[in-house]
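my_file11.pdb (PDB, N, CA and C atoms)
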ATOM      1  N   MET I   1      76.634 119.382  32.334
ATOM      2  CA  MET I   1      75.675 118.336  32.034
ATOM      3  C   MET I   1      75.274 118.424  30.573
ATOM      4  N   GLY I   2      75.108 117.293  29.998
ATOM      5  CA  GLY I   2      74.694 117.260  28.615
ATOM      6  C   GLY I   2      73.196 117.456  28.478
ATOM      7  N   ALA I   3      72.793 117.726  27.256
ATOM      8  CA  ALA I   3      71.369 117.945  26.985
ATOM      9  C   ALA I   3      70.548 116.700  27.291
ATOM     10  N   THR I   4      71.130 115.528  27.050
ATOM     11  CA  THR I   4      70.412 114.287  27.329
ATOM     12  C   THR I   4      70.144 114.142  28.821
ATOM     13  N   THR I   5      71.138 114.463  29.626
ATOM     14  CA  THR I   5      70.979 114.357  31.072
ATOM     15  C   THR I   5      69.954 115.358  31.578
ATOM     16  N   ILE I   6      70.030 116.579  31.096
ATOM     17  CA  ILE I   6      69.071 117.601  31.519
ATOM     18  C   ILE I   6      67.660 117.216  31.068
ATOM     19  N   GLY I   7      67.520 116.709  29.859
ATOM     20  CA  GLY I   7      66.217 116.250  29.378
ATOM     21  C   GLY I   7      65.667 115.125  30.227
ATOM     22  N   ALA I   8      66.542 114.202  30.619
ATOM     23  CA  ALA I   8      66.106 113.094  31.470
ATOM     24  C   ALA I   8      65.677 113.599  32.843
ATOM     25  N   LEU I   9      66.416 114.539  33.402
ATOM     26  CA  LEU I   9      66.056 115.078  34.710
ATOM     27  C   LEU I   9      64.723 115.820  34.661
ATOM     28  N   ILE I  10      64.532 116.638  33.642
ATOM     29  CA  ILE I  10      63.278 117.389  33.512
ATOM     30  C   ILE I  10      62.115 116.422  33.258
ATOM     31  N   GLY I  11      62.303 115.474  32.370
ATOM     32  CA  GLY I  11      61.244 114.504  32.089
ATOM     33  C   GLY I  11      60.894 113.674  33.304
ATOM     34  N   GLY I  12      61.902 113.266  34.065
ATOM     35  CA  GLY I  12      61.646 112.510  35.281
ATOM     36  C   GLY I  12      60.913 113.331  36.319
ATOM     37  N   ALA I  13      61.283 114.599  36.446
ATOM     38  CA  ALA I  13      60.626 115.474  37.423
ATOM     39  C   ALA I  13      59.171 115.717  37.042
ATOM     40  N   ILE I  14      58.913 115.930  35.771
ATOM     41  CA  ILE I  14      57.530 116.149  35.327
ATOM     42  C   ILE I  14      56.700 114.887  35.551
ATOM     43  N   ASP I  15      57.268 113.740  35.229
ATOM     44  CA  ASP I  15      56.538 112.488  35.400
ATOM     45  C   ASP I  15      56.312 112.162  36.878
ATOM     46  N   ALA I  16      57.256 112.539  37.710
ATOM     47  CA  ALA I  16      57.119 112.243  39.145
ATOM     48  C   ALA I  16      56.035 113.090  39.794
ATOM     49  N   MET I  17      55.690 114.223  39.196
ATOM     50  CA  MET I  17      54.652 115.082  39.774
ATOM     51  C   MET I  17      53.286 114.411  39.787
ATOM     52  N   SER I  18      53.041 113.513  38.825
ATOM     53  CA  SER I  18      51.750 112.839  38.797
ATOM     54  C   SER I  18      51.626 111.840  39.942
ATOM     55  N   GLY I  19      52.728 111.258  40.373
ATOM     56  CA  GLY I  19      52.735 110.342  41.504
ATOM     57  C   GLY I  19      52.191 108.962  41.208
ATOM     58  N   ASP I  20      51.864 108.666  39.959
ATOM     59  CA  ASP I  20      51.292 107.365  39.626
ATOM     60  C   ASP I  20      52.319 106.239  39.643
ATOM     61  N   ASP I  21      53.490 106.491  39.142
ATOM     62  CA  ASP I  21      54.505 105.454  39.032
ATOM     63  C   ASP I  21      55.877 106.080  39.221
ATOM     64  N   SER I  22      56.913 105.323  38.873
ATOM     65  CA  SER I  22      58.271 105.859  39.002
ATOM     66  C   SER I  22      58.530 106.888  37.917
ATOM     67  N   ALA I  23      59.596 107.625  38.094
ATOM     68  CA  ALA I  23      59.938 108.679  37.143
ATOM     69  C   ALA I  23      60.805 108.161  36.000
ATOM     70  N   ALA I  24      61.046 106.860  35.942
ATOM     71  CA  ALA I  24      61.958 106.306  34.948
ATOM     72  C   ALA I  24      61.439 106.480  33.518
ATOM     73  N   ASP I  25      60.151 106.244  33.309
ATOM     74  CA  ASP I  25      59.648 106.377  31.941
ATOM     75  C   ASP I  25      59.646 107.843  31.499
ATOM     76  N   GLY I  26      59.384 108.762  32.412
ATOM     77  CA  GLY I  26      59.469 110.183  32.074
ATOM     78  C   GLY I  26      60.884 110.602  31.757
ATOM     79  N   ALA I  27      61.848 110.028  32.496
ATOM     80  CA  ALA I  27      63.250 110.325  32.230
ATOM     81  C   ALA I  27      63.654 109.810  30.850
ATOM     82  N   LEU I  28      63.147 108.640  30.499
ATOM     83  CA  LEU I  28      63.440 108.078  29.180
ATOM     84  C   LEU I  28      62.858 108.953  28.076
ATOM     85  N   TYR I  29      61.599 109.379  28.228
ATOM     86  CA  TYR I  29      60.980 110.254  27.239
ATOM     87  C   TYR I  29      61.710 111.599  27.159
ATOM     88  N   GLY I  30      62.138 112.124  28.286
ATOM     89  CA  GLY I  30      62.876 113.379  28.297
ATOM     90  C   GLY I  30      64.206 113.272  27.584
ATOM     91  N   ALA I  31      64.909 112.159  27.796
ATOM     92  CA  ALA I  31      66.198 111.955  27.137
ATOM     93  C   ALA I  31      66.024 111.807  25.624
ATOM     94  N   ILE I  32      64.993 111.070  25.215
ATOM     95  CA  ILE I  32      64.738 110.898  23.784
ATOM     96  C   ILE I  32      64.377 112.237  23.146
ATOM     97  N   THR I  33      63.515 113.005  23.821
ATOM     98  CA  THR I  33      63.121 114.309  23.304
ATOM     99  C   THR I  33      64.318 115.237  23.162
ATOM    100  N   ALA I  34      65.201 115.227  24.156
ATOM    101  CA  ALA I  34      66.396 116.080  24.089
ATOM    102  C   ALA I  34      67.276 115.699  22.904
ATOM    103  N   ASN I  35      67.441 114.407  22.658
ATOM    104  CA  ASN I  35      68.272 113.978  21.530
ATOM    105  C   ASN I  35      67.635 114.320  20.189
ATOM    106  N   VAL I  36      66.322 114.207  20.091
ATOM    107  CA  VAL I  36      65.638 114.571  18.850
ATOM    108  C   VAL I  36      65.782 116.073  18.602
ATOM    109  N   LEU I  37      65.599 116.871  19.653
ATOM    110  CA  LEU I  37      65.718 118.322  19.498
ATOM    111  C   LEU I  37      67.146 118.741  19.141
ATOM    112  N   LYS I  38      68.146 118.006  19.637
ATOM    113  CA  LYS I  38      69.531 118.321  19.271
ATOM    114  C   LYS I  38      69.751 118.154  17.777
ATOM    115  N   LEU I  39      68.992 117.291  17.142
ATOM    116  CA  LEU I  39      69.122 117.081  15.700
ATOM    117  C   LEU I  39      68.213 118.026  14.912
ATOM    118  N   VAL I  40      66.975 118.171  15.346
ATOM    119  CA  VAL I  40      65.970 118.899  14.571
ATOM    120  C   VAL I  40      66.192 120.412  14.606
ATOM    121  N   LEU I  41      66.506 120.976  15.752
ATOM    122  CA  LEU I  41      66.619 122.431  15.862
ATOM    123  C   LEU I  41      67.728 123.017  14.982
ATOM    124  N   PRO I  42      68.929 122.461  14.946
ATOM    125  CA  PRO I  42      69.938 123.026  14.028
ATOM    126  C   PRO I  42      69.551 122.903  12.556
ATOM    127  N   VAL I  43      68.909 121.809  12.192
ATOM    128  CA  VAL I  43      68.484 121.640  10.804
ATOM    129  C   VAL I  43      67.417 122.672  10.456
ATOM    130  N   ALA I  44      66.441 122.861  11.342
ATOM    131  CA  ALA I  44      65.382 123.842  11.097
ATOM    132  C   ALA I  44      65.954 125.258  11.049
ATOM    133  N   PHE I  45      66.871 125.577  11.951
ATOM    134  CA  PHE I  45      67.484 126.906  11.972
ATOM    135  C   PHE I  45      68.261 127.152  10.682
ATOM    136  N   THR I  46      69.016 126.175  10.223
ATOM    137  CA  THR I  46      69.774 126.304   8.980
ATOM    138  C   THR I  46      68.837 126.491   7.792
ATOM    139  N   TYR I  47      67.735 125.768   7.778
ATOM    140  CA  TYR I  47      66.748 125.903   6.695
ATOM    141  C   TYR I  47      66.174 127.314   6.668
ATOM    142  N   VAL I  48      65.804 127.834   7.823
ATOM    143  CA  VAL I  48      65.198 129.172   7.892
ATOM    144  C   VAL I  48      66.186 130.237   7.429
ATOM    145  N   ILE I  49      67.423 130.140   7.865
ATOM    146  CA  ILE I  49      68.441 131.106   7.440
ATOM    147  C   ILE I  49      68.666 131.008   5.933
ATOM    148  N   GLY I  50      68.767 129.813   5.408
ATOM    149  CA  GLY I  50      68.963 129.634   3.967
ATOM    150  C   GLY I  50      67.797 130.166   3.157
ATOM    151  N   TRP I  51      66.576 129.929   3.639
ATOM    152  CA  TRP I  51      65.400 130.441   2.952
ATOM    153  C   TRP I  51      65.408 131.966   2.948
ATOM    154  N   GLY I  52      65.770 132.567   4.065
ATOM    155  CA  GLY I  52      65.831 134.029   4.148
ATOM    156  C   GLY I  52      66.866 134.606   3.195
ATOM    157  N   VAL I  53      68.002 133.950   3.097
ATOM    158  CA  VAL I  53      69.043 134.420   2.186
ATOM    159  C   VAL I  53      68.569 134.312   0.740
ATOM    160  N   LEU I  54      67.929 133.204   0.396
ATOM    161  CA  LEU I  54      67.441 133.044  -0.973
ATOM    162  C   LEU I  54      66.378 134.084  -1.317
ATOM    163  N   LYS I  55      65.478 134.368  -0.378
ATOM    164  CA  LYS I  55      64.463 135.404  -0.629
ATOM    165  C   LYS I  55      65.120 136.777  -0.763
ATOM    166  N   GLY I  56      66.136 137.049   0.021
ATOM    167  CA  GLY I  56      66.852 138.312  -0.085
ATOM    168  C   GLY I  56      67.557 138.450  -1.411
ATOM    169  N   VAL I  57      68.181 137.381  -1.877
ATOM    170  CA  VAL I  57      68.854 137.405  -3.176
ATOM    171  C   VAL I  57      67.830 137.597  -4.292
ATOM    172  N   GLU I  58      66.671 136.950  -4.160
ATOM    173  CA  GLU I  58      65.620 137.104  -5.164
ATOM    174  C   GLU I  58      65.123 138.549  -5.214
ATOM    175  N   THR I  59      64.904 139.135  -4.056
ATOM    176  CA  THR I  59      64.452 140.527  -3.998
ATOM    177  C   THR I  59      65.504 141.465  -4.567
ATOM    178  N   LEU I  60      66.750 141.238  -4.228
ATOM    179  CA  LEU I  60      67.844 142.056  -4.745
ATOM    180  C   LEU I  60      67.954 141.913  -6.259
ATOM    181  N   GLY I  61      67.809 140.692  -6.758
ATOM    182  CA  GLY I  61      67.853 140.469  -8.202
ATOM    183  C   GLY I  61      66.722 141.170  -8.918
ATOM    184  N   ASP I  62      65.528 141.136  -8.326
ATOM    185  CA  ASP I  62      64.396 141.845  -8.927
ATOM    186  C   ASP I  62      64.632 143.359  -8.945
ATOM    187  N   ALA I  63      65.190 143.891  -7.866
ATOM    188  CA  ALA I  63      65.472 145.314  -7.802
ATOM    189  C   ALA I  63      66.516 145.726  -8.843
ATOM    190  N   ILE I  64      67.534 144.911  -9.018
ATOM    191  CA  ILE I  64      68.584 145.215  -9.997
ATOM    192  C   ILE I  64      68.023 145.138 -11.419
ATOM    193  N   SER I  65      67.191 144.131 -11.688
ATOM    194  CA  SER I  65      66.639 144.019 -13.031
ATOM    195  C   SER I  65      65.681 145.163 -13.350
ATOM    196  N   GLU I  66      64.966 145.672 -12.356
ATOM    197  CA  GLU I  66      64.104 146.834 -12.558
ATOM    198  C   GLU I  66      64.945 148.079 -12.865
ATOM    199  N   LYS I  67      66.091 148.225 -12.199
ATOM    200  CA  LYS I  67      66.980 149.368 -12.452
ATOM    201  C   LYS I  67      67.548 149.286 -13.869
ATOM    202  N   VAL I  68      67.893 148.084 -14.308
ATOM    203  CA  VAL I  68      68.489 147.929 -15.620
ATOM    204  C   VAL I  68      67.459 148.224 -16.707
ATOM    205  N   LYS I  69      66.206 147.839 -16.498
ATOM    206  CA  LYS I  69      65.150 148.091 -17.476
ATOM    207  C   LYS I  69      64.814 149.577 -17.579
ATOM    208  N   SER I  70      65.009 150.342 -16.514
ATOM    209  CA  SER I  70      64.655 151.775 -16.526
ATOM    210  C   SER I  70      65.620 152.605 -17.305
TER     211      SER I  70
END
Could you write out this file's structure as structure tokens?
Amino acid sequence: MGATTIGALIGGAIDAMSGDDSAADGALYGAITANVLKLVLPVAFTYVIGWGVLKGVETLGDAISEKVKS
């Protein structure tokens, strides 16, 4: 099953628990949320990894420049 289908199933199940109406609107919100997360999470993860690498390179550069000055 794809993430969209699983999101729709979870959203529909959560919406159906209230018992007010059909689960269709919850399924729609779940599917939309799943698709947004499929885009946002990899971008955020890539940003965090890149930021960590840049900070590591900066720290390493500072350490090397301190060694050269000594």
Tell me which of I:Ala27, I:Asp62, I:Gly56, I:Leu41 sits closest to Asp15 in chain I, counting all atoms listed in the file.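 Result for the nearest residue to Asp15 in chain I: I:Ala27.
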For CA of Gly26 in chain I and atom C of Gly12 in chain I, determine how far apart the two atoms are, in Å to one decimal place.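 CA of Gly26 in chain I sits 5.5 Å away from atom C of Gly12 in chain I.
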Atom-to-atom span, atom N of Thr33 in chain I and atom C of Ala8 in chain I, Å: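 Interatomic distance, atom N of Thr33 in chain I to atom C of Ala8 in chain I: 9.3 Å.
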Report the distance between CA of Leu28 in chain I and atom C of Thr46 in chain I in Å, rounded to one decimal place.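 Separation between CA of Leu28 in chain I and atom C of Thr46 in chain I: 28.7 Å.
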Using all atoms listed in the file, which residue out of I:Ala16, I:Val57, I:Ile10, I:Ala63 lies closest to Tyr29 in chain I?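 Smallest separation from Tyr29 in chain I among the options: I:Ile10.
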Restricting the calculation to only N, CA and C atoms: of I:Ile64, I:Ala3, I:Ile14, I:Ala23, which residue gets closest to Lys38 in chain I?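 Once distances to Lys38 in chain I are computed over only N, CA and C atoms, the minimum belongs to I:Ala3.
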May I ask which of the residues I:Ala44, I:Lys69, I:Gly30, I:Trp51 is the closest one to Leu9 in chain I, counting only N, CA and C atoms?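 For Leu9 in chain I, the nearest of the candidates is I:Gly30.
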Can you tell me, as JSON, the centre and edge lengths (Å, one decimal) of the axis-aligned box enclosing all of range 39-54 of chain I's listed atoms after padding each side by 5 Å?
{"center_x": 67.6, "center_y": 125.8, "center_z": 7.9, "size_x": 14.7, "size_y": 27.5, "size_z": 28.5}
For Thr4 in chain I, the closest of I:Met17, I:Val36, I:Val48, I:Ala24 counting only C-alpha atoms is I:Val36
